[in-house]
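Pasting input19.txt here (compact mmCIF, C-alpha atoms):
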```txt
# COMPACT_ATOMS: atom_id res chain seq x y z
CA MET A 22 -91.08 -53.24 -66.90
CA ASN A 23 -87.36 -53.15 -67.59
CA ALA A 24 -84.95 -51.05 -65.57
CA GLN A 25 -84.62 -48.06 -67.87
CA ASN A 26 -88.39 -47.90 -68.44
CA PHE A 27 -88.78 -47.53 -64.68
CA ILE A 28 -86.66 -44.36 -64.73
CA ASN A 29 -88.18 -43.05 -67.95
CA ALA A 30 -91.64 -43.33 -66.36
CA LEU A 31 -90.53 -40.86 -63.66
CA PRO A 32 -89.95 -37.48 -65.33
CA PHE A 33 -87.91 -36.08 -62.44
CA ALA A 34 -85.67 -39.16 -62.18
CA LYS A 35 -85.06 -38.75 -65.91
CA ALA A 36 -84.35 -35.01 -65.47
CA LEU A 37 -81.63 -35.89 -62.93
CA GLU A 38 -80.31 -38.49 -65.42
CA MET A 39 -80.69 -41.32 -62.93
CA ARG A 40 -79.82 -44.88 -63.96
CA LEU A 41 -81.29 -47.96 -62.34
CA ASP A 42 -78.35 -50.33 -61.87
CA SER A 43 -80.10 -53.21 -60.10
CA ILE A 44 -83.42 -54.00 -58.44
CA GLY A 45 -85.22 -56.92 -56.78
CA GLU A 46 -86.47 -58.48 -53.53
CA GLY A 47 -86.81 -55.17 -51.68
CA ARG A 48 -83.43 -53.78 -52.74
CA ALA A 49 -82.44 -51.25 -55.39
CA GLU A 50 -79.34 -49.50 -56.66
CA ILE A 51 -79.74 -46.22 -58.56
CA SER A 52 -77.00 -43.79 -59.59
CA MET A 53 -76.79 -40.21 -60.80
CA PRO A 54 -73.99 -38.38 -62.63
CA TRP A 55 -72.35 -35.17 -61.42
CA ASP A 56 -73.74 -32.27 -63.45
CA ALA A 57 -73.08 -28.53 -63.17
CA ARG A 58 -76.86 -27.95 -63.08
CA PHE A 59 -77.21 -30.04 -59.88
CA VAL A 60 -74.58 -28.05 -57.94
CA GLY A 61 -75.62 -26.47 -54.63
CA ASP A 62 -72.53 -24.42 -53.81
CA PRO A 63 -70.77 -22.91 -56.83
CA VAL A 64 -67.68 -22.11 -54.74
CA THR A 65 -67.03 -25.82 -54.10
CA GLY A 66 -68.87 -27.46 -57.03
CA VAL A 67 -70.54 -29.89 -54.62
CA ILE A 68 -73.91 -31.39 -55.62
CA HIS A 69 -76.90 -29.90 -53.76
CA GLY A 70 -78.18 -31.97 -50.82
CA GLY A 71 -81.63 -31.82 -52.41
CA ALA A 72 -80.41 -33.73 -55.47
CA VAL A 73 -78.96 -36.41 -53.18
CA SER A 74 -82.33 -36.51 -51.35
CA ALA A 75 -84.10 -37.01 -54.67
CA LEU A 76 -81.76 -39.90 -55.51
CA MET A 77 -82.29 -41.49 -52.06
CA ASP A 78 -86.07 -41.04 -52.27
CA THR A 79 -86.25 -42.60 -55.76
CA CYS A 80 -84.01 -45.48 -54.70
CA GLY A 81 -86.06 -46.08 -51.52
CA GLY A 82 -89.30 -46.06 -53.49
CA ALA A 83 -87.84 -48.48 -56.06
CA ALA A 84 -86.73 -50.86 -53.27
CA VAL A 85 -90.27 -50.86 -51.83
CA LEU A 86 -91.85 -51.49 -55.24
CA SER A 87 -89.51 -54.44 -55.78
CA TYR A 88 -90.61 -56.07 -52.51
CA PRO A 89 -92.65 -59.22 -53.34
CA GLY A 90 -96.36 -58.37 -53.67
CA ALA A 91 -95.92 -54.57 -53.59
CA THR A 92 -98.25 -52.46 -55.73
CA THR A 93 -97.80 -48.73 -55.16
CA THR A 94 -95.87 -46.64 -52.64
CA ALA A 95 -95.39 -43.08 -51.40
CA THR A 96 -92.84 -41.59 -49.04
CA ILE A 97 -94.16 -40.88 -45.52
CA ASP A 98 -90.92 -39.46 -44.17
CA LEU A 99 -87.27 -39.38 -45.10
CA ARG A 100 -84.28 -38.38 -42.98
CA ILE A 101 -80.91 -37.83 -44.59
CA ASP A 102 -77.58 -37.46 -42.81
CA TYR A 103 -74.99 -35.70 -44.96
CA MET A 104 -71.73 -37.15 -43.72
CA ARG A 105 -69.38 -35.43 -46.14
CA ALA A 106 -69.41 -33.46 -49.39
CA ALA A 107 -69.63 -35.62 -52.52
CA SER A 108 -66.54 -35.21 -54.74
CA PRO A 109 -67.26 -32.84 -57.65
CA GLY A 110 -67.32 -34.83 -60.90
CA ALA A 111 -68.00 -38.18 -59.25
CA ARG A 112 -71.06 -40.33 -59.96
CA ILE A 113 -73.24 -40.89 -56.86
CA VAL A 114 -74.54 -44.41 -56.28
CA ALA A 115 -77.44 -45.03 -53.88
CA ARG A 116 -78.36 -48.43 -52.46
CA ALA A 117 -81.63 -48.90 -50.60
CA ASP A 118 -82.81 -51.86 -48.56
CA CYS A 119 -86.40 -52.34 -47.50
CA TYR A 120 -85.44 -53.98 -44.18
CA HIS A 121 -88.86 -54.37 -42.60
CA VAL A 122 -92.36 -54.47 -44.05
CA THR A 123 -95.68 -54.50 -42.21
CA ARG A 124 -99.18 -54.64 -43.72
CA ASN A 125 -99.12 -50.88 -44.42
CA VAL A 126 -95.59 -49.59 -43.91
CA ALA A 127 -92.17 -50.33 -45.41
CA PHE A 128 -89.05 -49.27 -43.47
CA VAL A 129 -86.09 -48.40 -45.66
CA ARG A 130 -82.40 -47.70 -45.13
CA ALA A 131 -80.21 -46.24 -47.85
CA THR A 132 -76.61 -45.18 -48.37
CA ALA A 133 -74.99 -43.02 -51.06
CA HIS A 134 -71.38 -43.49 -52.20
CA ASP A 135 -69.17 -41.53 -54.60
CA GLY A 136 -66.37 -44.09 -54.86
CA GLY A 137 -64.60 -42.88 -51.71
CA ASP A 138 -63.98 -44.97 -48.59
CA THR A 139 -66.95 -43.68 -46.60
CA PRO A 140 -70.55 -42.99 -47.66
CA VAL A 141 -71.44 -39.39 -48.54
CA ALA A 142 -74.91 -39.73 -47.05
CA MET A 143 -77.20 -42.17 -45.29
CA ALA A 144 -80.98 -42.12 -45.15
CA THR A 145 -83.79 -43.78 -43.26
CA GLY A 146 -87.36 -43.57 -44.45
CA ALA A 147 -90.88 -44.86 -43.96
CA PHE A 148 -92.91 -45.56 -47.10
CA THR A 149 -96.54 -46.56 -47.55
CA PHE A 150 -96.96 -50.24 -48.45
CA ALA A 151 -99.88 -51.80 -50.26
CA ALA A 152 -99.78 -55.50 -51.08
CA ARG A 153 -101.58 -57.14 -53.98
CA GLU A 154 -104.92 -58.75 -53.02
CA GLU A 155 -104.44 -62.49 -52.48
CA THR A 156 -106.54 -64.47 -54.94
CA ALA A 157 -106.84 -67.76 -53.05
CA MET B 27 -78.66 15.47 -40.65
CA THR B 28 -78.64 13.15 -43.67
CA PRO B 29 -82.07 12.47 -45.24
CA PRO B 30 -83.36 8.87 -45.01
CA GLU B 31 -82.44 6.58 -47.91
CA PRO B 32 -85.25 6.67 -50.55
CA VAL B 33 -87.53 3.61 -50.26
CA GLN B 34 -86.83 2.55 -53.85
CA ALA B 35 -83.09 2.49 -53.18
CA VAL B 36 -83.64 0.35 -50.06
CA LYS B 37 -85.84 -2.14 -51.94
CA GLN B 38 -83.45 -2.30 -54.89
CA ARG B 39 -80.48 -2.98 -52.63
CA ARG B 40 -82.30 -5.78 -50.76
CA ASP B 41 -83.64 -7.34 -53.98
CA ARG B 42 -80.22 -7.27 -55.65
CA ALA B 43 -78.65 -8.92 -52.61
CA LEU B 44 -81.33 -11.63 -52.58
CA ALA B 45 -80.97 -12.19 -56.34
CA SER B 46 -77.20 -12.65 -56.11
CA LEU B 47 -77.69 -15.15 -53.28
CA VAL B 48 -80.32 -17.22 -55.16
CA SER B 49 -78.73 -17.05 -58.62
CA ALA B 50 -75.54 -18.48 -57.10
CA VAL B 51 -77.25 -21.86 -56.57
CA PRO B 52 -77.41 -23.74 -59.92
CA TYR B 53 -79.71 -26.47 -58.54
CA ALA B 54 -82.31 -23.85 -57.47
CA GLN B 55 -82.27 -22.54 -61.08
CA PHE B 56 -82.57 -26.10 -62.41
CA LEU B 57 -85.77 -26.58 -60.36
CA GLY B 58 -87.06 -23.11 -61.33
CA ILE B 59 -87.25 -21.92 -57.69
CA TYR B 60 -87.43 -18.18 -57.02
CA PHE B 61 -88.12 -16.00 -53.96
CA GLU B 62 -90.50 -13.17 -53.10
CA ARG B 63 -89.48 -10.75 -50.38
CA HIS B 64 -91.55 -8.59 -48.05
CA GLY B 65 -89.18 -6.71 -45.76
CA ASP B 66 -86.94 -9.48 -44.46
CA GLU B 67 -89.59 -12.21 -44.95
CA LEU B 68 -88.97 -14.64 -47.82
CA THR B 69 -91.37 -16.96 -49.62
CA ALA B 70 -89.87 -19.61 -51.88
CA ILE B 71 -91.89 -20.42 -54.98
CA LEU B 72 -91.70 -23.62 -57.03
CA PRO B 73 -93.58 -23.10 -60.31
CA TYR B 74 -95.13 -26.31 -61.60
CA ASP B 75 -93.30 -27.98 -64.47
CA GLU B 76 -93.83 -31.39 -66.12
CA LYS B 77 -90.26 -32.48 -65.39
CA LEU B 78 -90.99 -32.28 -61.62
CA ILE B 79 -93.45 -35.20 -61.78
CA GLY B 80 -92.61 -38.40 -59.91
CA ASN B 81 -95.88 -40.29 -60.26
CA PRO B 82 -97.35 -39.76 -63.74
CA LEU B 83 -100.54 -41.71 -62.92
CA LEU B 84 -101.83 -39.42 -60.13
CA PRO B 85 -100.03 -37.14 -61.26
CA ALA B 86 -97.90 -36.04 -58.30
CA ILE B 87 -94.70 -34.04 -57.85
CA HIS B 88 -91.66 -36.23 -57.09
CA GLY B 89 -90.89 -36.54 -53.36
CA GLY B 90 -87.28 -35.66 -54.20
CA VAL B 91 -88.43 -32.37 -55.74
CA ILE B 92 -90.36 -31.57 -52.56
CA ALA B 93 -87.36 -32.43 -50.36
CA SER B 94 -85.11 -30.34 -52.61
CA PHE B 95 -87.52 -27.38 -52.58
CA LEU B 96 -87.63 -27.40 -48.77
CA GLU B 97 -83.85 -27.69 -48.46
CA VAL B 98 -83.26 -24.82 -50.91
CA ALA B 99 -85.79 -22.69 -48.97
CA ALA B 100 -84.06 -23.52 -45.66
CA ILE B 101 -80.53 -22.73 -46.90
CA ILE B 102 -81.51 -19.45 -48.57
CA GLU B 103 -83.48 -18.33 -45.49
CA LEU B 104 -80.57 -19.18 -43.20
CA SER B 105 -78.06 -17.32 -45.40
CA TRP B 106 -80.45 -14.39 -45.79
CA THR B 107 -80.97 -13.96 -42.02
CA THR B 108 -77.18 -14.17 -41.56
CA ILE B 109 -76.43 -11.53 -44.21
CA TRP B 110 -79.35 -9.19 -43.37
CA PRO B 111 -77.74 -7.25 -40.46
CA ASP B 112 -74.55 -6.60 -42.50
CA LEU B 113 -76.60 -5.62 -45.54
CA GLU B 114 -78.73 -3.16 -43.55
CA ALA B 115 -75.72 -1.68 -41.82
CA GLY B 116 -73.94 -1.21 -45.15
CA ARG B 117 -71.06 -3.51 -44.18
CA VAL B 118 -71.91 -5.67 -47.19
CA THR B 119 -73.23 -4.44 -50.55
CA PRO B 120 -74.98 -6.47 -53.27
CA GLU B 121 -71.91 -5.75 -55.43
CA ASP B 122 -69.66 -7.38 -52.82
CA MET B 123 -71.98 -10.39 -52.79
CA ALA B 124 -72.02 -10.74 -56.58
CA GLN B 125 -68.22 -10.55 -56.80
CA ASN B 126 -67.45 -12.66 -53.78
CA LEU B 127 -70.19 -15.26 -53.39
CA PRO B 128 -71.14 -15.75 -49.73
CA ARG B 129 -70.20 -19.16 -48.33
CA LEU B 130 -73.37 -21.20 -47.80
CA PRO B 131 -74.28 -23.24 -44.71
CA LYS B 132 -73.70 -26.99 -45.07
CA THR B 133 -76.55 -29.38 -44.37
CA ILE B 134 -75.81 -31.78 -41.51
CA ASP B 135 -79.14 -33.58 -41.65
CA PHE B 136 -82.57 -32.96 -43.13
CA THR B 137 -85.86 -34.69 -42.24
CA VAL B 138 -88.87 -34.32 -44.50
CA ASP B 139 -92.44 -35.10 -43.52
CA PHE B 140 -94.55 -35.78 -46.64
CA LEU B 141 -98.07 -34.83 -45.56
CA ARG B 142 -99.97 -34.88 -48.85
CA SER B 143 -99.07 -35.67 -52.44
CA GLY B 144 -97.76 -32.69 -54.39
CA LEU B 145 -100.37 -31.62 -56.91
CA PRO B 146 -99.44 -30.40 -60.39
CA ARG B 147 -99.61 -26.76 -59.20
CA ASP B 148 -97.17 -24.15 -57.90
CA GLY B 149 -95.76 -24.73 -54.42
CA TYR B 150 -94.80 -22.20 -51.75
CA ALA B 151 -92.49 -22.52 -48.76
CA ARG B 152 -91.45 -20.44 -45.79
CA ALA B 153 -88.57 -21.29 -43.48
CA ARG B 154 -88.00 -20.21 -39.89
CA VAL B 155 -84.59 -20.21 -38.23
CA ASN B 156 -85.32 -21.63 -34.78
CA ARG B 157 -81.77 -21.53 -33.57
CA SER B 158 -78.76 -19.89 -35.07
CA GLY B 159 -75.43 -20.09 -33.30
CA ARG B 160 -71.88 -19.41 -34.40
CA ARG B 161 -71.45 -22.99 -35.55
CA TYR B 162 -74.82 -24.74 -35.76
CA ALA B 163 -78.32 -23.75 -36.84
CA SER B 164 -81.72 -25.44 -36.76
CA VAL B 165 -84.30 -24.50 -39.40
CA HIS B 166 -87.93 -25.52 -39.87
CA VAL B 167 -89.68 -25.24 -43.24
CA GLU B 168 -93.36 -25.45 -44.19
CA ALA B 169 -94.68 -25.88 -47.72
CA TRP B 170 -98.16 -25.58 -49.14
CA GLN B 171 -99.93 -25.31 -52.49
CA ASP B 172 -103.47 -23.94 -52.64
CA ASN B 173 -104.17 -23.45 -48.94
CA ARG B 174 -101.67 -22.01 -46.48
CA ALA B 175 -103.35 -24.01 -43.68
CA ARG B 176 -103.03 -27.37 -45.49
CA LEU B 177 -99.30 -28.07 -45.65
CA PHE B 178 -98.20 -30.70 -48.18
CA ALA B 179 -94.76 -31.06 -46.60
CA GLN B 180 -92.66 -29.81 -43.70
CA ALA B 181 -89.04 -30.37 -42.76
CA THR B 182 -86.45 -29.72 -40.09
CA GLY B 183 -82.77 -29.45 -40.86
CA HIS B 184 -79.53 -28.83 -39.02
CA PHE B 185 -76.77 -26.83 -40.64
CA LEU B 186 -73.10 -26.09 -40.12
CA MET B 187 -72.52 -22.34 -40.47
CA PRO B 188 -69.72 -21.06 -42.72
CA GLN B 189 -66.79 -19.95 -40.55
CA PRO B 190 -65.39 -16.45 -41.09
CA GLY B 191 -61.91 -16.16 -42.59
```
In structure tokens, how does this file's structure come out?
Amino acid sequence: MNAQNFINALPFAKALEMRLDSIGEGRAEISMPWDARFVGDPVTGVIHGGAVSALMDTCGGAAVLSYPGATTTATIDLRIDYMRAASPGARIVARADCYHVTRNVAFVRATAHDGGDTPVAMATGAFTFAAREETA
Amino acid sequence: MTPPEPVQAVKQRRDRALASLVSAVPYAQFLGIYFERHGDELTAILPYDEKLIGNPLLPAIHGGVIASFLEVAAIIELSWTTIWPDLEAGRVTPEDMAQNLPRLPKTIDFTVDFLRSGLPRDGYARARVNRSGRRYASVHVEAWQDNRARLFAQATGHFLMPQPG
């Protein structure tokens, strides 16, 4: 499956106009444009935290699926720290790294940047992991 | 002695205040979230829509939609409980709120527990403000679909309260 098909297969990722920028070996990079519809606080024009969560969750799931041997995954839990408001108008880029995998669980870290010096948000999550049956 | 305010006027005032709070959040509109009110108690409702799907094979609602739904429910509840005393005392009117949008709390962190996959049905959520100080607040949210006792997600978040002035 090519990168854009991955997003197109997920209706909500498509609704948020996400773009898969790179994927492989338990890592993924997915970005999302600023859009007036995704704003959480109309006074500031800052994107809603929930939209950033959706980006982080999608990116984390993609990282797990790209881990060698992975079949399907689901999020068990996801914690997001919102370090600062994302700049209105700026594209948000999430990078996720599946840093440890056991037989059943994948542990993921992710960061979101908007082009500024510091990340706008960081996330840690646990995802279900199911490896392909070995055919030895 | 002034007669008590007619019940319809009380309900209308509360509903208008709630509507101006919710309609001010574009992302809540994008997801189709709306709120039902009984007295001061709010229930957030997420009507099912095809665009909310994350896993087309099951099919299941996207985890990001669930996280977003819970965060919207938490922020609206927190704002609502903050505004309620002023609204009831007449210090703030729905007209004030519509003209001068209330500043919303900022999320510091948000942790979501995905308990079951989100079915292609409507979802409901209720938030409880466990601690609300001048600066920081802690809010817990529970969400369910068909059965109130079988939660499909819960979350805890910490928020920075808007400062007066």
Ref. answer, residues at most 9 Å from (-87.0, -19.6, -59.2) with all atoms listed in the file, as a PyMOL selection string: chain B and resi 48-49+54-61+70-73
Restricting it to C-alpha atoms, dump the selection as a tab-separated table (two decimals), in the coordinates of the input.
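This is the output file result-v9.tsv:
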```tsv
chain	number	residue	atom	x	y	z
B	48	VAL	CA	-80.32	-17.22	-55.16
B	49	SER	CA	-78.73	-17.05	-58.62
B	54	ALA	CA	-82.31	-23.85	-57.47
B	55	GLN	CA	-82.27	-22.54	-61.08
B	56	PHE	CA	-82.57	-26.10	-62.41
B	57	LEU	CA	-85.77	-26.58	-60.36
B	58	GLY	CA	-87.06	-23.11	-61.33
B	59	ILE	CA	-87.25	-21.92	-57.69
B	60	TYR	CA	-87.43	-18.18	-57.02
B	61	PHE	CA	-88.12	-16.00	-53.96
B	70	ALA	CA	-89.87	-19.61	-51.88
B	71	ILE	CA	-91.89	-20.42	-54.98
B	72	LEU	CA	-91.70	-23.62	-57.03
B	73	PRO	CA	-93.58	-23.10	-60.31
```
Pairwise distance for atom CA of Val129 of chain A and atom CA of Leu41 of chain A, rounded to one decimal in Å: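 Computing it gives 17.4 Å between the two atoms.
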Exercise answer, chain A residues close to chain B, 7 Å and all atoms listed in the file, as an mmCIF file with C-alpha atoms, in the coordinates of the input:
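Written file, out_21.cif:
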```
data_model
loop_
_atom_site.group_PDB
_atom_site.id
_atom_site.type_symbol
_atom_site.label_atom_id
_atom_site.label_comp_id
_atom_site.auth_asym_id
_atom_site.auth_seq_id
_atom_site.Cartn_x
_atom_site.Cartn_y
_atom_site.Cartn_z
ATOM 1 C CA LEU A 31 -90.530 -40.860 -63.660
ATOM 2 C CA PRO A 32 -89.950 -37.480 -65.330
ATOM 3 C CA PHE A 33 -87.910 -36.080 -62.440
ATOM 4 C CA ALA A 36 -84.350 -35.010 -65.470
ATOM 5 C CA ARG A 58 -76.860 -27.950 -63.080
ATOM 6 C CA PHE A 59 -77.210 -30.040 -59.880
ATOM 7 C CA VAL A 60 -74.580 -28.050 -57.940
ATOM 8 C CA GLY A 61 -75.620 -26.470 -54.630
ATOM 9 C CA ASP A 62 -72.530 -24.420 -53.810
ATOM 10 C CA PRO A 63 -70.770 -22.910 -56.830
ATOM 11 C CA HIS A 69 -76.900 -29.900 -53.760
ATOM 12 C CA GLY A 71 -81.630 -31.820 -52.410
ATOM 13 C CA ALA A 72 -80.410 -33.730 -55.470
ATOM 14 C CA SER A 74 -82.330 -36.510 -51.350
ATOM 15 C CA ALA A 75 -84.100 -37.010 -54.670
ATOM 16 C CA ASP A 78 -86.070 -41.040 -52.270
ATOM 17 C CA THR A 96 -92.840 -41.590 -49.040
ATOM 18 C CA ILE A 97 -94.160 -40.880 -45.520
ATOM 19 C CA ASP A 98 -90.920 -39.460 -44.170
ATOM 20 C CA LEU A 99 -87.270 -39.380 -45.100
ATOM 21 C CA ARG A 100 -84.280 -38.380 -42.980
ATOM 22 C CA ILE A 101 -80.910 -37.830 -44.590
ATOM 23 C CA ASP A 102 -77.580 -37.460 -42.810
ATOM 24 C CA TYR A 103 -74.990 -35.700 -44.960
#
```
Length of the atom CA of Thr145 of chain A to atom CA of Ala57 of chain A vector [Å]: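 Atom-to-atom, atom CA of Thr145 of chain A and atom CA of Ala57 of chain A are spaced 27.3 Å apart.
Taking all atoms listed in the file into account, Tyr74 of chain B lies nearest to B:Asp148 out of the set B:Asp172, B:Asp148, B:Glu31, B:Glu62.
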Nearest candidate to Leu86 of chain A (options A:Val67, A:Ala127, A:Ala30, A:Ala111; using all atoms listed in the file): A:Ala127
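Comparing the minimum interatomic distances between Gln125 of chain B and each of B:Met27, B:Leu84, B:Ala43, B:Val36, counting all atoms listed in the file, we find that B:Ala43 sits nearest.
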Among listed residues B:Pro146, B:Gly65, B:Pro188, B:Pro120, nearest Arg39 of chain B (using all atoms listed in the file):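 Going through B:Pro146, B:Gly65, B:Pro188, B:Pro120 one by one, the smallest distance to Arg39 of chain B is for B:Pro120.
Separating atom CA of Asp42 of chain A from atom CA of Arg130 of chain A is a distance of 17.4 Å.
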Nearest candidate to Tyr120 of chain A (options A:Gly81, A:Pro140, A:Gly66, A:Pro54; using only C-alpha atoms): A:Gly81
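With all atoms listed in the file as the atoms that count, the minimum distance from Ser43 of chain A to the choices A:Ala107, A:Arg116, A:Leu76, A:Gly90 is reached by A:Arg116.
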Would you mind putting N, CA and C atoms back on segment 53-66 of chain B and writing the result as a compact mmCIF listing (two decimals), keeping the file's coordinate frame?
```txt
# COMPACT_ATOMS: atom_id res chain seq x y z
N TYR B 53 -78.63 -25.49 -58.70
CA TYR B 53 -79.71 -26.47 -58.54
C TYR B 53 -81.06 -25.79 -58.31
N ALA B 54 -81.06 -24.61 -57.66
CA ALA B 54 -82.31 -23.85 -57.47
C ALA B 54 -82.83 -23.37 -58.83
N GLN B 55 -81.90 -22.97 -59.72
CA GLN B 55 -82.27 -22.54 -61.08
C GLN B 55 -82.82 -23.73 -61.87
N PHE B 56 -82.17 -24.88 -61.71
CA PHE B 56 -82.57 -26.10 -62.41
C PHE B 56 -84.02 -26.46 -62.07
N LEU B 57 -84.40 -26.27 -60.79
CA LEU B 57 -85.77 -26.58 -60.36
C LEU B 57 -86.74 -25.44 -60.67
N GLY B 58 -86.22 -24.27 -61.01
CA GLY B 58 -87.06 -23.11 -61.33
C GLY B 58 -87.52 -22.35 -60.09
N ILE B 59 -86.85 -22.56 -58.95
CA ILE B 59 -87.25 -21.92 -57.69
C ILE B 59 -86.86 -20.44 -57.70
N TYR B 60 -87.79 -19.58 -57.25
CA TYR B 60 -87.43 -18.18 -57.02
C TYR B 60 -88.07 -17.70 -55.72
N PHE B 61 -87.69 -16.48 -55.28
CA PHE B 61 -88.12 -16.00 -53.96
C PHE B 61 -88.82 -14.66 -54.07
N GLU B 62 -89.87 -14.48 -53.26
CA GLU B 62 -90.50 -13.17 -53.10
C GLU B 62 -90.14 -12.66 -51.72
N ARG B 63 -89.96 -11.34 -51.63
CA ARG B 63 -89.48 -10.75 -50.38
C ARG B 63 -90.44 -9.65 -49.92
N HIS B 64 -90.82 -9.70 -48.66
CA HIS B 64 -91.55 -8.59 -48.05
C HIS B 64 -90.77 -8.20 -46.81
N GLY B 65 -90.11 -7.04 -46.85
CA GLY B 65 -89.18 -6.71 -45.76
C GLY B 65 -88.13 -7.80 -45.70
N ASP B 66 -87.94 -8.40 -44.54
CA ASP B 66 -86.94 -9.48 -44.46
C ASP B 66 -87.58 -10.86 -44.65
```
